[in-house]
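Written below as structure tokens is the structure these notes are about.
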Amino acid sequence: MRDIRHFIDGAAFEGASGRFGDVFNPNTGEVQARVQLATVSEMDRAVQSAQAAFEGWSSTNPQRRARVMFEFKRLVEANMNELAEMLSSEHGKVIADSKGDIQRGLEVIEFACGIPHALKGEYTLGAGPGIDVYSSRQALGVVAGITPFNFPAMIPMWMFGVAIAVGNTFILKPSERDPSVPVRLGELMMEAGAPKGVLNVVHGDKTAVDAILAHPDIHAVSFVGSSDIAHYVYQTGAQHGKRVQAMGGAKNHGIVMPDADLDQVIKDLSGAAYGSAGERCMALPVVVPVGKQTADELRERLVAEIPTLRVGVSTDDQAHYGPVVSAQHRDRVAGWISKGVEEGAELVVDGRDFSLQGHEKGYFIGPSLFDHVTTDMSSYQEEIFGPVLQIVRAANFEEALSLPSKHQYGNGVAIFTQNGRAARDFAARVNVGMVGINVPIPVPVAYHSFGGWKRSGFGDTNQYGMEGVKFWTKTKTVTARWPDSALEHEDSSFIIPTMS
């Protein structure tokens with residue numbers, strides 16, 4: 001049995017907890033490795049390593065830190081095939097999707113390569129008589145990221161890329177379901193020239209999470225996962241005086257106006273709802289056609305499109321998506337489908353009985369489609385996180401606008417229309433953090449930022465881009481005067497300074 005170890009102080013670290021988690025191959029249902037689960041003391045060992053590295057790394061000039069990012073980017077690209085195959089073997093997504101996972105993370109690394117410019121402060125010459133004011137952004141110290149199973153390359157790079165580039169040292173606690181890629185990224189960061197201790201990878205469960213949230217030397221925590229856990233991470237981290245950003249769940253809606261190009265909409269919906277087996281926080285699991293004619297035609301076309309989707313093993317280059325991550329998650333998704341039926345939704349296409357010949361023990365589930373879903377159904381209110389698309393019919397634009405605006409989640413939303421005025425009005429008024437206009441998965445590019453509203457995001461600052469630079473740094477402002485003692489004799493030491 002292969003053991004996946006922690007990565008601390010620039011090398012593999014043998015944990016002493018005696019606790020392990022099984023790492024499965026979702027294509028076969030077989031255990032392929034076991035991952036060590038950290039104790040509080042092992043987490044502290046990683047923090048000590050990061051603390052020891054901080055002074056030297058933070059005092060390294062930004063251009064040299066950027067050169068490490070350039071080299072890290074090159075190494076990840078050079079090892080793309082190995083990383084994608086490793087990722088697919090533990091997560092289940094198809095190879096092409098795994099490469100997309102890695103590439104979207106690399107785009108944030110590319111942004112981090114420009115960190116010397118992003119870190120420039122502000123300067124005011126002559127803010128008062130002989131007084132100049134300037135500000136700078138300085139690293140926080142040891143910081144941490146807690147990442148989910150669905151993007152084991154992208155989301156860690158979203159976090160540690162910017163955090164390390166600005167001068168922090170980093171503790172990564174990845175999902176124990178697919179931990180190999182994060183470890184490999186840690187190795188490549190060292191190979192790129194980062195000093196040992198700059199990036200540590202510690203595996204674990206709630207014990208490791210709580211150790212991060214309570215450790216006095218960890219100054220900021222970034223999290224992505226379910227909303228209940230995000231809320232817990234935000235509250236607990238804040239109680240311990242940490243800066244916290246915690247991204248939660250989603251129930252993204254796609255509004256289809258009567259004038260939308262349905263040929264394009266159907267292709268977009270099938271990819272956004274069923275791609276990666278629906279295991280994306282920016283998936284599009286709810287479609288809202290406006291008007292009965294639009295709804296009926298959309299349904300008819302989806303029923304024709306769904307049988308063309310190919311579900312296969314991760315290495316099948318013809319497959320549109322592979323298995324879900326675990327047997328428990330497969331059963332959870334199937335349970336939500338059953339719940340939808342119980343609640344009175346019409347199950348138009350049922351994927352629960354799907355089985356892949358030769359891989360009957362794999363965690364496969366076919367695409368499912370519901371119609372006549374209503375807002376009082378728990379299957380609509382909660383995140384299913386699987387290959388399930390729900391049709392919620394709206395009579396008009398205002399009703400369609402209200403659905404995502406009133407939902408407990410506010411991560412992403414899309415509108416499909418050829419009417420610029422309707423799209424502009426929708427984008428301005430909808431109560432959701434990220435909006436796509438004829439874009440089904442509106443994940444912002446790396447030099448903007450990612451973040452949802454309501455129960456999709458806890459904290460004040462978004463992921464990556466300049467929002468990431470702000471989150472991972474603190475601002476220092478200096479007011480300076482260099483008086484000429486021979487000319488200035490006013491005794492104003494006890495007067496509140498003003499610029500008058």
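To be explicit about the labels: the chains of the structure tokens are called A, B, and onward in the order shown, and within each one the residues are counted from 1, while ligands get numbers from 1 in the order they are shown.
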
Could you give me the residues within region 375-439 of chain A that DSSP places in strand (DSSP E), as a PyMOL selection string? chain A and resi 388-391+409-410+412-416+434-437

Just the residues within 8 Å of region 326-333 of chain A, please, counting only C-alpha atoms, with nothing from its chain fewer than 6 positions along; format it as a PyMOL selection string. chain A and resi 24+26+29+363-365+384-386

Output N, CA and C atoms for every residue in that selection, as a PDB file, in the first residue's frame.
ATOM      1  N   PHE A  24      -9.122   6.406  -2.764  1.00  0.00           N
ATOM      2  CA  PHE A  24      -9.709   5.469  -3.712  1.00  0.00           C
ATOM      3  C   PHE A  24      -9.421   5.881  -5.151  1.00  0.00           C
ATOM      4  N   PRO A  26     -11.715   6.307  -8.115  1.00  0.00           N
ATOM      5  CA  PRO A  26     -13.160   6.336  -8.366  1.00  0.00           C
ATOM      6  C   PRO A  26     -13.586   5.540  -9.583  1.00  0.00           C
ATOM      7  N   GLY A  29     -13.289   1.829  -7.795  1.00  0.00           N
ATOM      8  CA  GLY A  29     -13.764   1.617  -6.437  1.00  0.00           C
ATOM      9  C   GLY A  29     -12.729   0.996  -5.526  1.00  0.00           C
ATOM     10  N   TYR A 363     -17.548   4.659  -9.278  1.00  0.00           N
ATOM     11  CA  TYR A 363     -18.545   5.556  -8.691  1.00  0.00           C
ATOM     12  C   TYR A 363     -19.240   6.396  -9.766  1.00  0.00           C
ATOM     13  N   PHE A 364     -19.852   5.700 -10.698  1.00  0.00           N
ATOM     14  CA  PHE A 364     -20.469   6.369 -11.837  1.00  0.00           C
ATOM     15  C   PHE A 364     -21.946   6.641 -11.573  1.00  0.00           C
ATOM     16  N   ILE A 365     -22.413   7.743 -12.111  1.00  0.00           N
ATOM     17  CA  ILE A 365     -23.834   8.067 -12.073  1.00  0.00           C
ATOM     18  C   ILE A 365     -24.173   8.809 -13.364  1.00  0.00           C
ATOM     19  N   ILE A 384     -26.735  19.935  -4.727  1.00  0.00           N
ATOM     20  CA  ILE A 384     -26.646  18.494  -4.978  1.00  0.00           C
ATOM     21  C   ILE A 384     -25.220  18.083  -5.311  1.00  0.00           C
ATOM     22  N   PHE A 385     -24.523  18.876  -6.088  1.00  0.00           N
ATOM     23  CA  PHE A 385     -23.108  18.661  -6.432  1.00  0.00           C
ATOM     24  C   PHE A 385     -22.904  17.359  -7.194  1.00  0.00           C
ATOM     25  N   GLY A 386     -23.770  17.159  -8.187  1.00  0.00           N
ATOM     26  CA  GLY A 386     -23.666  15.976  -9.024  1.00  0.00           C
ATOM     27  C   GLY A 386     -24.266  16.263 -10.392  1.00  0.00           C
TER      28      GLY A 386
END

Residue contacts of Tyr447 (chain A) (8 Å, only C-alpha atoms) excluding same-chain residues fewer than 5 positions away, as a PyMOL selection string: chain A and resi 108+111+464-466

Shell around region 225-232 of chain A at 10 Å using only C-alpha atoms, local window under 5 positions removed, as a PDB file with N, CA and C atoms, in the first residue's frame:
ATOM      1  N   ILE A 146      -7.224  25.858   3.247  1.00  0.00           N
ATOM      2  CA  ILE A 146      -7.922  24.585   3.412  1.00  0.00           C
ATOM      3  C   ILE A 146      -8.758  24.396   2.157  1.00  0.00           C
ATOM      4  N   THR A 147      -8.445  23.374   1.365  1.00  0.00           N
ATOM      5  CA  THR A 147      -9.006  23.273   0.019  1.00  0.00           C
ATOM      6  C   THR A 147      -9.850  22.017  -0.152  1.00  0.00           C
ATOM      7  N   PRO A 148     -10.814  22.050  -1.113  1.00  0.00           N
ATOM      8  CA  PRO A 148     -11.761  20.939  -1.301  1.00  0.00           C
ATOM      9  C   PRO A 148     -11.243  19.910  -2.297  1.00  0.00           C
ATOM     10  N   PHE A 149     -12.020  18.816  -2.418  1.00  0.00           N
ATOM     11  CA  PHE A 149     -11.601  17.724  -3.300  1.00  0.00           C
ATOM     12  C   PHE A 149     -11.811  18.037  -4.772  1.00  0.00           C
ATOM     13  N   ASN A 150     -12.721  18.972  -5.114  1.00  0.00           N
ATOM     14  CA  ASN A 150     -13.150  19.050  -6.508  1.00  0.00           C
ATOM     15  C   ASN A 150     -12.150  19.750  -7.426  1.00  0.00           C
ATOM     16  N   SER A 175      -7.723  18.411   0.545  1.00  0.00           N
ATOM     17  CA  SER A 175      -8.666  17.334   0.813  1.00  0.00           C
ATOM     18  C   SER A 175      -7.917  16.015   0.929  1.00  0.00           C
ATOM     19  N   GLY A 237     -12.129  30.875  13.080  1.00  0.00           N
ATOM     20  CA  GLY A 237     -10.911  31.621  12.785  1.00  0.00           C
ATOM     21  C   GLY A 237     -10.971  33.042  13.305  1.00  0.00           C
ATOM     22  N   ALA A 238     -12.125  33.696  13.129  1.00  0.00           N
ATOM     23  CA  ALA A 238     -12.276  35.068  13.616  1.00  0.00           C
ATOM     24  C   ALA A 238     -12.194  35.133  15.132  1.00  0.00           C
ATOM     25  N   VAL A 244      -9.944  35.833   7.796  1.00  0.00           N
ATOM     26  CA  VAL A 244     -10.523  34.625   7.191  1.00  0.00           C
ATOM     27  C   VAL A 244     -11.342  34.990   5.959  1.00  0.00           C
ATOM     28  N   GLN A 245     -11.139  34.243   4.897  1.00  0.00           N
ATOM     29  CA  GLN A 245     -12.058  34.231   3.751  1.00  0.00           C
ATOM     30  C   GLN A 245     -12.514  32.783   3.591  1.00  0.00           C
ATOM     31  N   ALA A 246     -13.828  32.565   3.531  1.00  0.00           N
ATOM     32  CA  ALA A 246     -14.358  31.208   3.489  1.00  0.00           C
ATOM     33  C   ALA A 246     -15.455  31.137   2.433  1.00  0.00           C
ATOM     34  N   MET A 247     -15.170  30.432   1.354  1.00  0.00           N
ATOM     35  CA  MET A 247     -16.102  30.296   0.244  1.00  0.00           C
ATOM     36  C   MET A 247     -16.927  29.022   0.415  1.00  0.00           C
ATOM     37  N   GLY A 248     -18.246  29.144   0.297  1.00  0.00           N
ATOM     38  CA  GLY A 248     -19.133  28.022   0.554  1.00  0.00           C
ATOM     39  C   GLY A 248     -19.780  27.451  -0.687  1.00  0.00           C
ATOM     40  N   GLY A 249     -20.970  26.903  -0.512  1.00  0.00           N
ATOM     41  CA  GLY A 249     -21.657  26.188  -1.571  1.00  0.00           C
ATOM     42  C   GLY A 249     -22.316  27.099  -2.589  1.00  0.00           C
ATOM     43  N   ALA A 250     -23.070  26.489  -3.499  1.00  0.00           N
ATOM     44  CA  ALA A 250     -23.659  27.256  -4.599  1.00  0.00           C
ATOM     45  C   ALA A 250     -24.877  26.535  -5.149  1.00  0.00           C
ATOM     46  N   CYS A 281     -18.222  24.107  -7.934  1.00  0.00           N
ATOM     47  CA  CYS A 281     -19.016  25.128  -7.241  1.00  0.00           C
ATOM     48  C   CYS A 281     -19.558  26.160  -8.223  1.00  0.00           C
ATOM     49  N   GLU A 383     -27.561  22.306  -2.337  1.00  0.00           N
ATOM     50  CA  GLU A 383     -26.608  21.959  -3.387  1.00  0.00           C
ATOM     51  C   GLU A 383     -26.510  20.446  -3.529  1.00  0.00           C
ATOM     52  N   TYR A 409     -27.925  30.777  -1.608  1.00  0.00           N
ATOM     53  CA  TYR A 409     -26.585  30.854  -2.182  1.00  0.00           C
ATOM     54  C   TYR A 409     -26.526  31.966  -3.217  1.00  0.00           C
ATOM     55  N   LYS A 454     -23.876  36.037  -0.014  1.00  0.00           N
ATOM     56  CA  LYS A 454     -24.776  35.313   0.887  1.00  0.00           C
ATOM     57  C   LYS A 454     -24.051  34.094   1.466  1.00  0.00           C
ATOM     58  N   ARG A 455     -24.685  32.936   1.478  1.00  0.00           N
ATOM     59  CA  ARG A 455     -24.027  31.764   2.097  1.00  0.00           C
ATOM     60  C   ARG A 455     -22.987  31.115   1.192  1.00  0.00           C
ATOM     61  N   SER A 456     -22.688  31.760   0.084  1.00  0.00           N
ATOM     62  CA  SER A 456     -21.603  31.275  -0.776  1.00  0.00           C
ATOM     63  C   SER A 456     -20.254  31.882  -0.397  1.00  0.00           C
ATOM     64  N   GLY A 457     -20.248  32.882   0.462  1.00  0.00           N
ATOM     65  CA  GLY A 457     -18.977  33.509   0.817  1.00  0.00           C
ATOM     66  C   GLY A 457     -19.044  34.209   2.164  1.00  0.00           C
ATOM     67  N   PHE A 458     -18.111  33.862   3.053  1.00  0.00           N
ATOM     68  CA  PHE A 458     -18.013  34.501   4.357  1.00  0.00           C
ATOM     69  C   PHE A 458     -16.674  35.237   4.424  1.00  0.00           C
ATOM     70  N   GLY A 459     -16.717  36.474   4.862  1.00  0.00           N
ATOM     71  CA  GLY A 459     -15.519  37.303   4.879  1.00  0.00           C
ATOM     72  C   GLY A 459     -15.695  38.482   3.949  1.00  0.00           C
TER      73      GLY A 459
END

Nearby residues (only C-alpha atoms) at most 9 Å from Ile391 (chain A), same-chain spacing under 2 positions excluded, as a compact mmCIF listing (two decimals) with N, CA and C atoms, in the first residue's frame:
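Result written to around.txt:
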# COMPACT_ATOMS: atom_id res chain seq x y z
N PRO A 285 -26.55 23.98 -12.16
CA PRO A 285 -27.51 22.89 -11.95
C PRO A 285 -28.97 23.28 -12.05
N VAL A 286 -29.27 24.58 -12.23
CA VAL A 286 -30.65 25.05 -12.33
C VAL A 286 -30.80 25.89 -13.59
N VAL A 287 -31.74 25.53 -14.45
CA VAL A 287 -32.01 26.34 -15.64
C VAL A 287 -33.42 26.91 -15.50
N VAL A 288 -33.55 28.18 -15.80
CA VAL A 288 -34.82 28.90 -15.62
C VAL A 288 -35.28 29.44 -16.97
N PRO A 289 -36.04 28.67 -17.73
CA PRO A 289 -36.59 29.19 -18.99
C PRO A 289 -37.74 30.16 -18.71
N ALA A 295 -39.69 27.03 -22.21
CA ALA A 295 -39.49 25.88 -21.34
C ALA A 295 -39.74 24.56 -22.06
N ARG A 299 -36.78 21.83 -22.79
CA ARG A 299 -36.89 20.47 -22.28
C ARG A 299 -36.75 19.45 -23.41
N LEU A 369 -32.26 14.66 -15.24
CA LEU A 369 -32.96 15.91 -15.56
C LEU A 369 -34.31 15.93 -14.86
N PHE A 370 -34.57 17.02 -14.14
CA PHE A 370 -35.87 17.26 -13.52
C PHE A 370 -36.58 18.42 -14.22
N ASP A 371 -37.91 18.35 -14.27
CA ASP A 371 -38.73 19.48 -14.72
C ASP A 371 -39.77 19.77 -13.63
N HIS A 372 -40.35 20.95 -13.73
CA HIS A 372 -41.39 21.39 -12.80
C HIS A 372 -40.89 21.36 -11.35
N VAL A 373 -39.64 21.78 -11.17
CA VAL A 373 -39.08 21.94 -9.83
C VAL A 373 -39.59 23.27 -9.27
N THR A 374 -39.92 23.29 -7.99
CA THR A 374 -40.43 24.52 -7.36
C THR A 374 -39.52 24.94 -6.22
N LEU A 389 -29.58 18.20 -13.42
CA LEU A 389 -30.04 19.51 -13.89
C LEU A 389 -31.52 19.65 -13.57
N ARG A 393 -39.41 26.67 -13.97
CA ARG A 393 -40.06 27.51 -14.98
C ARG A 393 -40.44 28.87 -14.40

Using only C-alpha atoms, the residue out of A:Glu187, A:Ala50, A:Glu110, A:Val221 with shortest distance to Phe471 (chain A) is A:Val221

DSSP-assigned helix (DSSP H, G or I) members of region 24-269 of chain A, reported as a PyMOL selection string: chain A and resi 40-58+62-78+80-91+95-112+115-118+154-165+180-191+206-214+227-239+262-269

For CA of Val166 (chain A) and CA of Gln138 (chain A), determine how far apart the two atoms are, in Å to one decimal place.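 That distance, rounded to one decimal, is 7.5 Å.
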
Just checking: using only C-alpha atoms, which residue out of A:Val430, A:Val413, A:Val181, A:Ala480 ends up closest to Phe151 (chain A)?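 Looking at the shortest contact to Phe151 (chain A), the residue is A:Val181.
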
Could you list, as JSON, numbers by chain, every residue within 8 Å of Gly161 (chain A), counting only C-alpha atoms and ignoring same-chain residues fewer than 6 positions away? {"A": [69, 108, 109, 112]}

So that I have them on file, write out the residues from the current selection with all heavy atoms, as an mmCIF file, in the first residue's frame.
data_model
loop_
_atom_site.group_PDB
_atom_site.id
_atom_site.type_symbol
_atom_site.label_atom_id
_atom_site.label_comp_id
_atom_site.auth_asym_id
_atom_site.auth_seq_id
_atom_site.Cartn_x
_atom_site.Cartn_y
_atom_site.Cartn_z
ATOM 1 N N MET A 69 8.158 32.191 -9.020
ATOM 2 C CA MET A 69 6.839 31.911 -9.592
ATOM 3 C C MET A 69 6.937 31.574 -11.081
ATOM 4 O O MET A 69 6.251 30.668 -11.569
ATOM 5 C CB MET A 69 5.920 33.119 -9.392
ATOM 6 C CG MET A 69 5.530 33.367 -7.958
ATOM 7 S SD MET A 69 4.510 32.030 -7.321
ATOM 8 C CE MET A 69 5.067 31.995 -5.621
ATOM 9 N N VAL A 108 -3.509 32.015 -12.182
ATOM 10 C CA VAL A 108 -3.265 32.830 -10.991
ATOM 11 C C VAL A 108 -1.767 32.907 -10.705
ATOM 12 O O VAL A 108 -1.257 33.940 -10.255
ATOM 13 C CB VAL A 108 -4.040 32.271 -9.786
ATOM 14 C CG1 VAL A 108 -3.688 33.030 -8.504
ATOM 15 C CG2 VAL A 108 -5.543 32.371 -10.045
ATOM 16 N N ILE A 109 -1.040 31.828 -10.970
ATOM 17 C CA ILE A 109 0.424 31.884 -10.840
ATOM 18 C C ILE A 109 0.996 32.924 -11.798
ATOM 19 O O ILE A 109 1.919 33.671 -11.453
ATOM 20 C CB ILE A 109 1.049 30.498 -11.092
ATOM 21 C CG1 ILE A 109 0.520 29.477 -10.075
ATOM 22 C CG2 ILE A 109 2.570 30.577 -11.043
ATOM 23 C CD1 ILE A 109 0.821 29.783 -8.627
ATOM 24 N N ALA A 112 0.615 36.133 -10.249
ATOM 25 C CA ALA A 112 1.595 36.276 -9.177
ATOM 26 C C ALA A 112 2.992 36.594 -9.707
ATOM 27 O O ALA A 112 3.803 37.179 -8.991
ATOM 28 C CB ALA A 112 1.626 35.009 -8.322
#

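Of the listed residues A:Glu107, A:Glu279, A:Glu343, A:Glu71, the one whose atoms come nearest to Val445 (chain A) is A:Glu107, with distances taken using only C-alpha atoms.
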